[in-house]
$ cat model29.txt   # compact mmCIF, C-alpha atoms
# COMPACT_ATOMS: atom_id res chain seq x y z
CA MET A 1 109.32 4.02 -7.29
CA VAL A 2 106.25 3.19 -5.21
CA GLU A 3 107.77 -0.09 -4.02
CA ASN A 4 111.02 1.64 -2.99
CA PHE A 5 109.31 4.27 -0.84
CA LEU A 6 106.33 2.24 0.36
CA GLU A 7 107.59 2.00 3.95
CA ASN A 8 107.42 5.79 4.22
CA TYR A 9 103.62 5.76 3.99
CA THR A 10 101.07 5.05 6.73
CA PRO A 11 100.25 1.42 7.61
CA ASP A 12 96.69 1.91 6.37
CA ALA A 13 97.89 3.20 3.00
CA GLN A 14 100.34 0.29 2.70
CA SER A 15 97.57 -2.18 3.55
CA GLN A 16 95.22 -0.78 0.89
CA TYR A 17 97.94 -0.87 -1.74
CA ARG A 18 99.16 -4.39 -0.98
CA SER A 19 95.62 -5.75 -0.70
CA SER A 20 94.74 -4.35 -4.13
CA LEU A 21 97.86 -5.88 -5.67
CA GLN A 22 97.11 -9.21 -4.00
CA VAL A 23 93.77 -9.31 -5.81
CA LEU A 24 95.76 -9.07 -9.06
CA SER A 25 98.21 -11.81 -8.08
CA GLY A 26 97.06 -14.07 -10.90
CA SER A 27 97.42 -11.36 -13.55
CA ASP A 28 100.59 -10.33 -15.38
CA ASN A 29 99.01 -7.22 -16.93
CA GLU A 30 101.35 -4.28 -16.29
CA ASP A 31 98.62 -1.72 -17.04
CA GLU A 32 96.65 -2.93 -14.01
CA ARG A 33 99.67 -2.62 -11.72
CA SER A 34 100.43 0.86 -13.12
CA VAL A 35 96.92 2.10 -12.38
CA ILE A 36 97.03 0.74 -8.82
CA GLN A 37 100.36 2.52 -8.26
CA ALA A 38 99.04 5.77 -9.76
CA LEU A 39 95.96 5.63 -7.57
CA PHE A 40 98.16 4.97 -4.52
CA LEU A 41 100.30 8.03 -5.32
CA TYR A 42 97.20 10.18 -5.81
CA TRP A 43 95.68 9.35 -2.43
CA SER A 44 99.02 9.37 -0.56
CA SER A 45 100.10 12.78 -1.86
CA GLU A 46 98.00 14.57 0.78
CA GLY A 47 96.43 16.87 -1.80
CA LYS A 48 99.60 17.66 -3.76
CA LEU A 49 98.15 15.66 -6.63
CA ARG A 50 94.59 16.71 -7.36
CA LYS A 51 92.07 17.21 -10.14
CA ASN A 52 91.77 20.61 -11.76
CA SER A 53 88.12 20.77 -10.66
CA ASP A 54 85.50 18.63 -8.94
CA GLN A 55 83.81 18.08 -12.29
CA GLU A 56 86.94 16.74 -13.99
CA ASP A 57 87.07 12.97 -14.49
CA HIS A 58 89.64 11.17 -12.38
CA GLU A 59 90.86 9.48 -15.54
CA VAL A 60 92.59 12.71 -16.62
CA ILE A 61 95.19 12.78 -13.85
CA LEU A 62 95.47 8.96 -13.75
CA GLY A 63 96.28 9.08 -17.45
CA HIS A 64 99.10 11.55 -16.81
CA LEU A 65 100.50 9.40 -13.99
CA THR A 66 100.38 6.10 -15.92
CA GLY A 67 101.07 7.32 -19.45
CA LEU A 68 98.27 5.05 -20.71
CA SER A 69 96.05 6.05 -23.61
CA PRO A 70 92.40 6.89 -22.75
CA LEU A 71 91.22 3.57 -24.28
CA ARG A 72 93.77 1.42 -22.38
CA LEU A 73 93.14 3.32 -19.16
CA SER A 74 89.37 2.94 -19.49
CA SER A 75 89.51 -0.82 -20.09
CA THR A 76 91.98 -1.26 -17.21
CA LEU A 77 89.81 0.70 -14.77
CA GLU A 78 86.80 -1.37 -15.85
CA ARG A 79 88.64 -4.60 -15.04
CA LEU A 80 89.89 -3.31 -11.72
CA THR A 81 86.42 -2.17 -10.60
CA ASP A 82 84.08 -4.75 -12.15
CA THR A 83 86.17 -7.91 -12.55
CA TYR A 84 88.70 -7.81 -9.71
CA LYS A 85 86.86 -5.50 -7.30
CA ALA A 86 90.31 -4.13 -6.39
CA ILE A 87 89.01 -0.54 -6.37
CA TYR A 88 85.63 1.19 -6.68
CA HIS A 89 84.32 4.24 -8.50
CA ASN A 90 82.51 7.00 -6.61
CA ARG A 91 80.49 8.32 -9.55
CA THR A 92 79.18 11.36 -7.69
CA ALA A 93 82.65 12.62 -6.77
CA LYS A 94 84.18 11.26 -10.01
CA LEU A 95 86.95 9.53 -8.06
CA TYR A 96 88.41 6.02 -7.91
CA ARG A 97 89.22 4.74 -4.42
CA PHE A 98 90.72 1.80 -2.57
CA TYR A 99 88.43 -0.15 -0.30
CA GLN A 100 88.48 0.74 3.39
CA GLY A 101 91.12 -1.16 5.31
CA GLY A 102 92.09 -2.98 2.13
CA ARG A 103 89.09 -5.31 2.53
CA ASN A 104 87.42 -5.73 -0.86
CA PRO A 105 84.00 -7.24 -1.70
CA ARG A 106 85.49 -10.63 -2.66
CA GLU A 107 86.91 -10.98 0.85
CA LEU A 108 83.50 -10.09 2.26
CA GLU A 109 81.81 -12.62 -0.01
CA LYS A 110 84.13 -15.35 1.32
CA GLU A 111 83.07 -14.49 4.86
CA ILE A 112 79.38 -14.72 3.86
CA ASP A 113 80.06 -18.11 2.24
CA THR A 114 81.54 -19.29 5.54
CA LEU A 115 78.46 -18.10 7.46
CA ILE A 116 76.07 -20.08 5.25
CA GLU A 117 78.20 -23.17 4.56
CA ASN A 118 75.83 -25.34 6.62
CA GLU A 119 72.65 -23.82 5.14
CA THR A 120 70.83 -24.99 2.03
CA SER A 121 68.81 -22.86 -0.34
CA SER A 122 65.87 -23.75 -2.58
CA ILE A 123 63.34 -22.22 -4.95
CA ASP A 124 61.50 -21.01 -1.84
CA GLU A 125 64.15 -18.27 -1.40
CA VAL A 126 63.22 -16.91 -4.83
CA ILE A 127 59.47 -17.17 -4.26
CA ASN A 128 59.60 -15.45 -0.86
CA TYR A 129 61.90 -12.69 -2.12
CA VAL A 130 59.56 -11.85 -5.00
CA ARG A 131 56.49 -11.85 -2.76
CA VAL A 132 58.06 -9.58 -0.16
CA SER A 133 60.35 -7.31 -2.13
CA HIS A 134 59.71 -7.26 -5.85
CA PHE A 135 56.12 -6.39 -6.69
CA ASP A 136 55.69 -2.64 -6.19
CA ASP A 137 54.07 0.33 -7.91
CA LYS A 138 57.27 1.63 -9.54
CA ARG A 139 58.81 -1.38 -11.26
CA ILE A 140 56.32 -4.25 -11.54
CA PRO A 141 53.00 -3.36 -9.86
CA LEU A 142 51.30 -5.90 -7.63
CA MET A 143 48.00 -5.07 -9.33
CA ILE A 144 47.44 -4.79 -13.06
CA ASN A 145 44.40 -3.09 -14.58
CA ALA A 146 42.51 -4.70 -17.47
CA LEU A 147 42.96 -1.74 -19.81
CA ARG A 148 41.34 -3.22 -22.92
CA PHE A 149 38.30 -4.44 -20.99
CA ALA A 150 37.85 -1.04 -19.32
CA GLN A 151 38.18 0.73 -22.66
CA ASP A 152 35.90 -1.60 -24.62
CA LYS A 153 33.22 -1.67 -21.92
CA ASP A 154 33.57 2.01 -20.97
CA GLN A 155 34.53 1.16 -17.38
CA VAL A 156 36.65 2.70 -14.63
CA GLN A 157 40.06 0.96 -14.87
CA SER A 158 40.65 0.70 -11.12
CA ASP A 159 37.53 -1.47 -10.79
CA TRP A 160 39.02 -4.25 -12.91
CA LYS A 161 42.29 -5.42 -11.39
CA PHE A 162 44.19 -8.70 -11.41
CA LYS A 163 46.71 -9.40 -8.67
CA ARG A 164 50.15 -10.87 -9.30
CA GLU A 165 51.13 -13.96 -7.32
CA VAL A 166 54.18 -16.22 -7.55
CA THR A 167 54.70 -19.88 -6.72
CA SER A 168 56.69 -22.99 -7.63
CA PRO A 169 55.51 -26.05 -9.60
CA ALA A 170 55.27 -28.07 -6.38
CA HIS A 171 52.87 -25.55 -4.81
CA LEU A 172 50.86 -24.53 -7.89
CA HIS A 173 48.12 -27.13 -7.38
CA ARG A 174 47.67 -26.00 -3.77
CA THR A 175 47.39 -22.37 -4.92
CA LEU A 176 44.84 -23.18 -7.63
CA THR A 177 42.64 -25.20 -5.27
CA LYS A 178 42.96 -22.88 -2.29
CA PRO A 179 39.51 -22.42 -0.69
CA HIS A 180 38.03 -18.92 -0.69
CA LEU A 181 40.70 -17.77 -3.13
CA PHE A 182 38.86 -14.50 -3.79
CA GLN A 183 36.97 -14.07 -0.54
CA GLN A 184 36.90 -10.35 0.41
CA ALA A 185 39.37 -9.69 -2.40
CA LYS A 186 39.68 -6.31 -4.06
CA HIS A 187 40.86 -7.90 -7.29
CA ARG A 188 38.91 -9.75 -9.98
CA GLY A 189 41.49 -12.44 -10.70
CA LEU A 190 45.05 -13.71 -10.32
CA ILE A 191 48.13 -13.83 -12.51
CA ILE A 192 50.17 -16.68 -11.04
CA TYR A 193 53.84 -16.68 -12.04
CA VAL A 194 55.57 -20.05 -11.75
CA PHE A 195 59.36 -20.25 -11.30
CA ALA A 196 61.45 -23.42 -11.16
CA LYS A 197 65.12 -24.16 -10.56
CA THR A 198 65.51 -26.40 -13.64
CA GLN A 199 64.14 -26.63 -17.18
CA GLU A 200 63.04 -30.21 -16.49
CA GLU A 201 60.56 -28.96 -13.87
CA LEU A 202 59.23 -26.32 -16.25
CA ILE A 203 58.78 -28.82 -19.09
CA GLY A 204 56.91 -31.22 -16.79
CA LEU A 205 54.59 -28.46 -15.62
CA ARG A 206 53.74 -27.37 -19.17
CA ARG A 207 52.57 -30.91 -19.94
CA ASN A 208 50.03 -30.79 -17.12
CA ILE A 209 49.05 -27.12 -16.90
CA THR A 210 45.83 -27.39 -18.93
CA THR A 211 44.54 -30.12 -16.62
CA LEU A 212 45.54 -28.16 -13.51
CA ILE A 213 43.67 -25.07 -14.71
CA LYS A 214 40.54 -27.12 -15.44
CA GLN A 215 40.63 -28.47 -11.87
CA CYS A 216 40.68 -24.94 -10.43
CA PRO A 217 37.19 -23.96 -9.17
CA VAL A 218 37.78 -20.37 -10.32
CA SER A 219 39.60 -21.15 -13.57
CA ASP A 220 37.75 -18.30 -15.30
CA ARG A 221 39.67 -15.83 -13.10
CA ILE A 222 43.18 -17.30 -13.42
CA VAL A 223 46.13 -16.69 -15.73
CA VAL A 224 49.15 -18.94 -15.14
CA ALA A 225 52.46 -17.47 -16.34
CA ILE A 226 55.17 -20.15 -16.58
CA SER A 227 58.63 -18.66 -16.94
CA ASN A 228 60.65 -19.88 -19.91
CA LEU A 229 63.86 -19.46 -17.88
CA GLU A 230 65.06 -21.54 -14.96
CA THR A 231 66.15 -19.74 -11.79
CA GLY A 232 69.48 -21.62 -11.65
CA ASP A 233 71.59 -20.45 -8.70
CA LEU A 234 69.47 -17.35 -8.01
CA ASP A 235 68.30 -18.92 -4.73
CA GLU A 236 71.93 -19.08 -3.56
CA THR A 237 72.49 -15.41 -4.38
CA ILE A 238 69.34 -14.47 -2.46
CA LEU A 239 70.47 -16.53 0.55
CA LYS A 240 73.82 -14.69 0.50
CA TYR A 241 72.08 -11.32 0.15
CA ASN A 242 69.66 -12.07 2.99
CA THR A 243 72.57 -13.07 5.21
CA LEU A 244 74.54 -9.95 4.33
CA THR A 245 71.60 -7.64 5.10
CA ASP A 246 70.39 -9.46 8.23
CA PRO A 247 71.61 -7.43 11.25
CA LYS A 248 71.47 -10.56 13.44
CA LYS A 249 73.73 -12.59 11.15
CA PHE A 250 75.92 -9.71 10.02
CA PRO A 251 75.84 -6.98 12.70
CA SER A 252 76.48 -3.27 12.20
CA GLU A 253 80.04 -3.36 13.54
CA LYS A 254 81.03 -5.82 10.81
CA ARG A 255 79.34 -3.67 8.18
CA GLN A 256 81.33 -0.67 9.38
CA ASP A 257 84.50 -2.74 9.34
CA TYR A 258 84.04 -3.52 5.66
CA GLY A 259 82.87 0.01 4.85
CA GLU A 260 82.39 0.60 1.14
CA SER A 261 82.90 -3.10 0.39
CA PHE A 262 79.63 -3.83 2.18
CA THR A 263 77.78 -1.22 0.12
CA GLN A 264 79.33 -2.38 -3.14
CA LEU A 265 78.56 -6.08 -2.56
CA ARG A 266 75.02 -5.37 -1.42
CA THR A 267 74.41 -3.24 -4.52
CA GLU A 268 75.97 -5.89 -6.78
CA TRP A 269 73.74 -8.64 -5.40
CA GLU A 270 70.63 -6.41 -5.43
CA ARG A 271 71.24 -5.61 -9.09
CA ALA A 272 71.85 -9.26 -10.00
CA ILE A 273 68.71 -10.42 -8.18
CA ARG A 274 66.54 -7.70 -9.68
CA THR A 275 67.78 -8.34 -13.21
CA ASN A 276 67.24 -12.09 -12.91
CA ILE A 277 63.71 -11.72 -11.55
CA GLU A 278 62.73 -9.19 -14.21
CA ASN A 279 63.99 -11.60 -16.86
CA LEU A 280 61.98 -14.45 -15.32
CA ILE A 281 58.81 -12.34 -15.31
CA SER A 282 59.24 -10.87 -18.78
CA ASN A 283 59.96 -14.26 -20.41
CA CYS A 284 56.79 -16.24 -19.71
CA THR A 285 54.29 -18.37 -21.58
CA TYR A 286 50.70 -17.68 -20.51
CA TYR A 287 47.92 -20.20 -19.95
CA CYS A 288 44.25 -19.58 -19.14
CA LYS A 289 40.77 -20.89 -19.81
CA ASP A 290 39.72 -20.75 -23.49
CA ILE A 291 43.05 -19.24 -24.53
CA ASP A 292 42.80 -21.15 -27.82
CA ARG A 293 40.05 -18.74 -28.88
CA LEU A 294 42.68 -16.01 -29.20
CA ASN A 295 45.25 -15.65 -31.96
CA ASN A 296 48.93 -16.33 -31.27
CA GLN A 297 49.81 -12.67 -30.79
CA ASP A 298 47.01 -12.04 -28.31
CA GLN A 299 48.01 -15.14 -26.33
CA LYS A 300 51.28 -13.35 -25.51
CA ASN A 301 49.57 -10.14 -24.34
CA LEU A 302 48.72 -10.16 -20.64
CA ASP A 303 46.24 -7.29 -20.89
CA VAL A 304 44.36 -9.08 -23.69
CA LEU A 305 44.22 -12.29 -21.63
CA ILE A 306 42.77 -10.77 -18.47
CA SER A 307 40.37 -8.65 -20.54
CA HIS A 308 39.33 -11.83 -22.37
CA LEU A 309 38.53 -13.57 -19.06
CA LEU A 310 36.63 -10.55 -17.74
CA SER A 311 34.57 -10.27 -20.94
CA ASN A 312 33.44 -13.88 -20.48
CA LEU A 313 32.72 -13.32 -16.78
CA TYR A 314 30.90 -10.01 -17.16
CA PRO A 315 29.20 -9.92 -20.59
CA PHE A 316 26.46 -7.55 -19.41
CA VAL A 317 28.62 -4.83 -17.83
CA PRO A 318 27.06 -1.46 -18.71
CA PRO A 319 29.06 1.70 -19.43
CA ILE A 320 29.57 3.77 -16.26
CA VAL A 321 31.26 6.88 -14.91
CA ASP A 322 33.67 7.28 -11.99
CA LYS A 323 30.82 7.80 -9.50
CA LEU A 324 29.51 4.31 -10.22
CA LYS A 325 32.76 2.43 -9.60
CA SER A 326 32.56 -0.29 -6.96
CA ASP A 327 34.05 1.57 -3.99
CA HIS A 328 32.46 4.99 -4.57
CA SER A 329 30.32 5.80 -1.51
CA THR A 330 28.24 8.45 -3.30
CA GLY A 331 27.64 6.07 -6.20
CA LYS A 332 26.39 3.33 -3.86
CA GLN A 333 24.00 5.80 -2.25
CA ILE A 334 22.65 6.88 -5.65
CA VAL A 335 22.13 3.30 -6.89
CA GLN A 336 20.29 2.29 -3.70
CA PHE A 337 18.14 5.42 -3.87
CA VAL A 338 17.18 4.91 -7.52
CA ALA A 339 16.30 1.24 -7.02
CA LYS A 340 14.16 2.00 -3.96
CA LYS A 341 12.26 4.82 -5.66
CA LEU A 342 11.70 2.90 -8.90
CA PHE A 343 10.14 -0.03 -7.01
CA ALA A 344 7.88 2.49 -5.25
CA ASN A 345 7.15 4.23 -8.59
CA ASP A 346 8.29 7.46 -6.95
CA LEU A 347 11.50 8.64 -8.69
CA THR A 348 10.89 12.37 -9.24
CA ASP A 349 12.85 15.58 -9.62
CA GLN A 350 11.62 16.59 -6.20
CA ASN A 351 12.89 13.58 -4.24
CA ILE A 352 16.16 13.48 -6.22
CA ALA A 353 16.81 16.89 -4.68
CA SER A 354 16.32 15.38 -1.22
CA ILE A 355 19.53 13.32 -1.48
CA GLY A 356 21.36 16.35 -0.08
CA ASN A 357 25.08 16.91 -0.63
CA SER A 358 25.11 14.51 -3.57
CA ARG A 359 22.28 16.18 -5.50
CA SER A 360 24.39 17.31 -8.46
CA ALA A 361 26.07 13.90 -8.64
CA SER A 362 22.69 12.15 -8.46
CA GLU A 363 21.26 14.28 -11.26
CA ASP A 364 24.33 13.59 -13.39
CA VAL A 365 24.11 9.80 -12.92
CA ILE A 366 20.31 9.59 -13.34
CA ARG A 367 20.09 11.82 -16.39
CA ASN A 368 23.34 11.05 -18.20
CA ILE A 369 23.77 7.35 -17.33
CA TYR A 370 20.42 5.81 -16.47
CA ARG A 371 18.43 7.85 -18.97
CA GLN A 372 20.68 8.87 -21.88
CA ARG A 373 23.44 6.21 -22.07
CA TRP A 374 21.48 3.21 -20.82
CA GLY A 375 18.02 4.32 -21.98
CA LEU A 376 16.64 2.68 -18.83
CA LEU A 377 14.43 5.55 -17.69
CA ASN A 378 11.53 7.34 -19.33
CA TYR A 379 10.96 10.93 -18.14
CA GLN A 380 7.61 12.69 -18.23
CA GLY A 381 6.15 15.46 -16.13
CA GLY A 382 9.01 15.53 -13.62
CA LYS A 383 8.82 11.77 -12.99
CA TYR A 384 11.08 8.87 -14.02
CA GLN A 385 9.84 5.37 -14.83
CA ALA A 386 11.68 2.20 -15.83
CA GLN A 387 11.52 1.02 -19.44
CA PRO A 388 13.32 -1.61 -21.55
CA PRO A 389 16.81 -0.09 -22.07
CA THR A 390 18.06 1.12 -25.42
CA ASN A 391 21.70 0.27 -24.71
CA PRO A 392 22.24 -3.23 -26.24
CA ILE A 393 24.43 -4.50 -23.40
CA VAL A 394 22.04 -3.30 -20.71
CA LEU A 395 19.15 -4.74 -22.74
CA GLN A 396 20.82 -8.17 -22.71
CA ALA A 397 21.05 -7.99 -18.93
CA TRP A 398 17.43 -6.79 -18.74
CA ASP A 399 16.22 -9.73 -20.85
CA TYR A 400 18.33 -12.21 -18.88
CA ILE A 401 16.96 -11.00 -15.52
CA THR A 402 13.41 -10.95 -16.91
CA ASN A 403 13.67 -14.54 -18.14
CA GLN A 404 15.20 -15.69 -14.85
CA ALA A 405 12.36 -14.04 -12.94
CA LYS A 406 9.75 -15.72 -15.16
CA GLU A 407 11.35 -19.14 -14.74
CA ALA A 408 11.51 -18.69 -10.98
CA LYS A 409 7.86 -17.64 -10.86
CA GLN A 410 6.78 -20.62 -12.96
CA ALA A 411 8.81 -22.98 -10.76
CA ASN A 412 7.13 -21.61 -7.63
CA LEU A 413 3.65 -21.97 -9.17
CA ALA A 414 4.39 -25.54 -10.21
CA TYR A 415 5.60 -26.36 -6.71
CA PHE A 416 2.47 -25.12 -5.00
CA THR A 417 0.08 -26.71 -7.54
$ encode --input "model29.txt" --output "structure tokens"
Amino acid sequence: MVENFLENYTPDAQSQYRSSLQVLSGSDNEDERSVIQALFLYWSSEGKLRKNSDQEDHEVILGHLTGLSPLRLSSTLERLTDTYKAIYHNRTAKLYRFYQGGRNPRELEKEIDTLIENETSSIDEVINYVRVSHFDDKRIPLMINALRFAQDKDQVQSDWKFKREVTSPAHLHRTLTKPHLFQQAKHRGLIIYVFAKTQEELIGLRRNITTLIKQCPVSDRIVVAISNLETGDLDETILKYNTLTDPKKFPSEKRQDYGESFTQLRTEWERAIRTNIENLISNCTYYCKDIDRLNNQDQKNLDVLISHLLSNLYPFVPPIVDKLKSDHSTGKQIVQFVAKKLFANDLTDQNIASIGNSRSASEDVIRNIYRQRWGLLNYQGGKYQAQPPTNPIVLQAWDYITNQAKEAKQANLAYFT
């Protein structure tokens, strides 16, 4: 019936219908043709055919028009939307539609392929995309806190961060030997993800990774995460996506010309890229200094690994409160004040009160941290004096500093005698 009366409909409606059928030219499935015809009748009826309510699924009326069972209709619609891209589903409105002007995403993809036919892609497309677009606070944060270290050492989590970085096997050595790798950095270490286009590259890197880490001047602050999956043709997909979304290569008038096809293809490629990258990141083997000291299960736990490195780097870290974290301005003022007054043997209740706006904070830190938790201060008659700490971790640091001071003093005496 549709074919017999097709000429009575608008040119745009005819174009949408014929374009959708052309996509199915290699299929002899009558269900697919029936659904396309039913959808054409629905949108060409000028409102005479409509859903009972906005909340009703479009499948209800399409089922009546085609006579297909719910199961057959569902599988056919899935093929038409996901496999052939002949139509698309507006989930908010609960409606299936033809693409604007009959131009579907596959036609748009062919045009993108033509635009990039003289360009070549490489693993660099993947690396750059991850650096610019993928690490964020919602999905995979750029910074990761060492939770176990902070908990075990009674620290403020935000003080103990590792930063995520990504590179390729060819550039890993350059990254590991980069001068001033942590100069003015707000993070304590790096987690370096390594992606490669082929399994051969990944296998070759695993053979040499232990040596590469040993050559790194800051190997005690590095975790290398080598993906177990190759990137394959992900670089080509990213090149296509970048071309599609670049207003210079694909201007706004072309986007408008393709309408919903542009949105659908962009979303499809975004989803494919995101899924691939998340799989690359979540399927890694980790390598770091002294990893063999950990059991097999802990070697697969990123938090355990960075906490392990931090424990070796900072064995004498004392328990603190939020006011003593590294970037707390009031905490810095209190620490400087206490050190100055202790050297002058003049840390008293009276001059603690002179700190001003931070008096209550100062009293809290001095009494609860320095005195009670660290056992570093003795209090008598309104005056504080330094003493060997009772906290075992702080005592280790005290003994270490004392011994270093003695050795330095003896070395100076020997030099001048």
$ residues_near_point --input "model29.txt" --point "(55.1, -16.0, -10.2)" --cutoff "10 Å" --atoms "all atoms listed in the file" --output "list in words"
Val126, Ile127, Val130, Arg131, Arg164, Glu165, Val166, Thr167, Ser168, Leu172, Ile191, Ile192, Tyr193, Val194, Phe195, Ala196, Val224, Ala225, Ile226, Ser227, Ile277, Leu280, Ile281 and Cys284 of chain A
$ atom_distance --input "model29.txt" --atom1 "atom CA of Glu46 of chain A" --atom2 "atom CA of Arg103 of chain A"
21.9 Å
$ residues_around --input "model29.txt" --residues "Ala38 of chain A" --least-positions-apart "4" --cutoff "7 Å" --atoms "only C-alpha atoms" --output "list in words"
Ser34, Tyr42, Leu62, Leu65 and Thr66 of chain A
$ residues_around --input "model29.txt" --residues "segment 114-118 of chain A" --least-positions-apart "5" --cutoff "12 Å" --atoms "all atoms listed in the file" --output "PDB file with C-alpha atoms, keeping the file's coordinate frame"
ATOM      1  CA  GLU A 107      86.910 -10.980   0.850  1.00  0.00           C
ATOM      2  CA  LEU A 108      83.500 -10.090   2.260  1.00  0.00           C
ATOM      3  CA  GLU A 109      81.810 -12.620  -0.010  1.00  0.00           C
ATOM      4  CA  GLU A 236      71.930 -19.080  -3.560  1.00  0.00           C
ATOM      5  CA  THR A 237      72.490 -15.410  -4.380  1.00  0.00           C
ATOM      6  CA  ILE A 238      69.340 -14.470  -2.460  1.00  0.00           C
ATOM      7  CA  LEU A 239      70.470 -16.530   0.550  1.00  0.00           C
ATOM      8  CA  LYS A 240      73.820 -14.690   0.500  1.00  0.00           C
ATOM      9  CA  TYR A 241      72.080 -11.320   0.150  1.00  0.00           C
ATOM     10  CA  ASN A 242      69.660 -12.070   2.990  1.00  0.00           C
ATOM     11  CA  THR A 243      72.570 -13.070   5.210  1.00  0.00           C
ATOM     12  CA  LEU A 244      74.540  -9.950   4.330  1.00  0.00           C
ATOM     13  CA  ASP A 246      70.390  -9.460   8.230  1.00  0.00           C
ATOM     14  CA  LYS A 248      71.470 -10.560  13.440  1.00  0.00           C
ATOM     15  CA  LYS A 249      73.730 -12.590  11.150  1.00  0.00           C
ATOM     16  CA  PHE A 250      75.920  -9.710  10.020  1.00  0.00           C
TER      17      PHE A 250
END
$ atom_distance --input "model29.txt" --atom1 "atom CA of Pro315 of chain A" --atom2 "atom CA of Ile222 of chain A"
17.4 Å
$ atom_distance --input "model29.txt" --atom1 "atom CA of Lys94 of chain A" --atom2 "atom CA of Arg50 of chain A"
12.0 Å
$ residues_around --input "model29.txt" --residues "Glu56 of chain A" --least-positions-apart "2" --cutoff "12 Å" --atoms "only C-alpha atoms" --output "PyMOL selection string"
chain A and resi 50-54+58-62+91-95
$ residues_around --input "model29.txt" --residues "segment 22-25 of chain A" --least-positions-apart "6" --cutoff "12 Å" --atoms "all atoms listed in the file" --output "ChimeraX atom specification"
/A:15-16,31-36,76,79-81,83-87,98-99,102-107
$ write_last_selection --input "model29.txt" --atoms "C-alpha atoms" --output "CSV table (one decimal), in the coordinates of the input"
chain,number,residue,atom,x,y,z
A,15,SER,CA,97.6,-2.2,3.6
A,16,GLN,CA,95.2,-0.8,0.9
A,31,ASP,CA,98.6,-1.7,-17.0
A,32,GLU,CA,96.6,-2.9,-14.0
A,33,ARG,CA,99.7,-2.6,-11.7
A,34,SER,CA,100.4,0.9,-13.1
A,35,VAL,CA,96.9,2.1,-12.4
A,36,ILE,CA,97.0,0.7,-8.8
A,76,THR,CA,92.0,-1.3,-17.2
A,79,ARG,CA,88.6,-4.6,-15.0
A,80,LEU,CA,89.9,-3.3,-11.7
A,81,THR,CA,86.4,-2.2,-10.6
A,83,THR,CA,86.2,-7.9,-12.6
A,84,TYR,CA,88.7,-7.8,-9.7
A,85,LYS,CA,86.9,-5.5,-7.3
A,86,ALA,CA,90.3,-4.1,-6.4
A,87,ILE,CA,89.0,-0.5,-6.4
A,98,PHE,CA,90.7,1.8,-2.6
A,99,TYR,CA,88.4,-0.2,-0.3
A,102,GLY,CA,92.1,-3.0,2.1
A,103,ARG,CA,89.1,-5.3,2.5
A,104,ASN,CA,87.4,-5.7,-0.9
A,105,PRO,CA,84.0,-7.2,-1.7
A,106,ARG,CA,85.5,-10.6,-2.7
A,107,GLU,CA,86.9,-11.0,0.8
$ residues_near_point --input "model29.txt" --point "(12.0, 7.1, -17.3)" --cutoff "12 Å" --atoms "only C-alpha atoms" --output "ChimeraX atom specification"
/A:338,341-342,345-349,366-367,369-372,374-390
$ residues_around --input "model29.txt" --residues "Ser219 of chain A" --least-positions-apart "5" --cutoff "9 Å" --atoms "only C-alpha atoms" --output "MDAnalysis selection string"
chainID A and resid 176 213:214 288:289
$ axis_aligned_box --input "model29.txt" --around "segment 390-408 of chain A" --padding-each-side "3 Å" --output "JSON"
{"center_x": 17.1, "center_y": -9.0, "center_z": -18.6, "size_x": 20.7, "size_y": 26.3, "size_z": 21.3}
$ closest_residue --input "model29.txt" --among "A:Ala408, A:Gly67, A:Asp113, A:Ile140" --to "Glu278 of chain A" --atoms "all atoms listed in the file"
A:Ile140
$ closest_residue --input "model29.txt" --among "A:Asp159, A:Asp220, A:Asp57, A:Asp233" --to "Ser122 of chain A" --atoms "all atoms listed in the file"
A:Asp233
$ decode --input "model29.txt" --residues "segment 281-288 of chain A" --atoms "N, CA and C atoms" --output "PDB file, in the first residue's frame"
ATOM      1  N   ILE A 281      42.390   0.767  31.026  1.00  0.00           N
ATOM      2  CA  ILE A 281      42.847   1.193  32.344  1.00  0.00           C
ATOM      3  C   ILE A 281      42.546   0.143  33.413  1.00  0.00           C
ATOM      4  N   SER A 282      41.401  -0.497  33.298  1.00  0.00           N
ATOM      5  CA  SER A 282      41.000  -1.458  34.337  1.00  0.00           C
ATOM      6  C   SER A 282      41.664  -2.825  34.174  1.00  0.00           C
ATOM      7  N   ASN A 283      42.306  -3.072  33.032  1.00  0.00           N
ATOM      8  CA  ASN A 283      42.981  -4.352  32.802  1.00  0.00           C
ATOM      9  C   ASN A 283      44.490  -4.121  32.664  1.00  0.00           C
ATOM     10  N   CYS A 284      45.133  -3.883  33.793  1.00  0.00           N
ATOM     11  CA  CYS A 284      46.564  -3.567  33.813  1.00  0.00           C
ATOM     12  C   CYS A 284      47.316  -4.499  34.754  1.00  0.00           C
ATOM     13  N   THR A 285      48.599  -4.667  34.470  1.00  0.00           N
ATOM     14  CA  THR A 285      49.526  -5.302  35.398  1.00  0.00           C
ATOM     15  C   THR A 285      50.440  -4.214  35.930  1.00  0.00           C
ATOM     16  N   TYR A 286      50.583  -4.161  37.276  1.00  0.00           N
ATOM     17  CA  TYR A 286      51.337  -3.079  37.904  1.00  0.00           C
ATOM     18  C   TYR A 286      52.774  -3.503  38.199  1.00  0.00           C
ATOM     19  N   TYR A 287      53.665  -2.509  38.120  1.00  0.00           N
ATOM     20  CA  TYR A 287      55.079  -2.721  38.420  1.00  0.00           C
ATOM     21  C   TYR A 287      55.576  -1.523  39.229  1.00  0.00           C
ATOM     22  N   CYS A 288      56.353  -1.813  40.288  1.00  0.00           N
ATOM     23  CA  CYS A 288      56.960  -0.738  41.062  1.00  0.00           C
ATOM     24  C   CYS A 288      58.143  -1.296  41.851  1.00  0.00           C
TER      25      CYS A 288
END
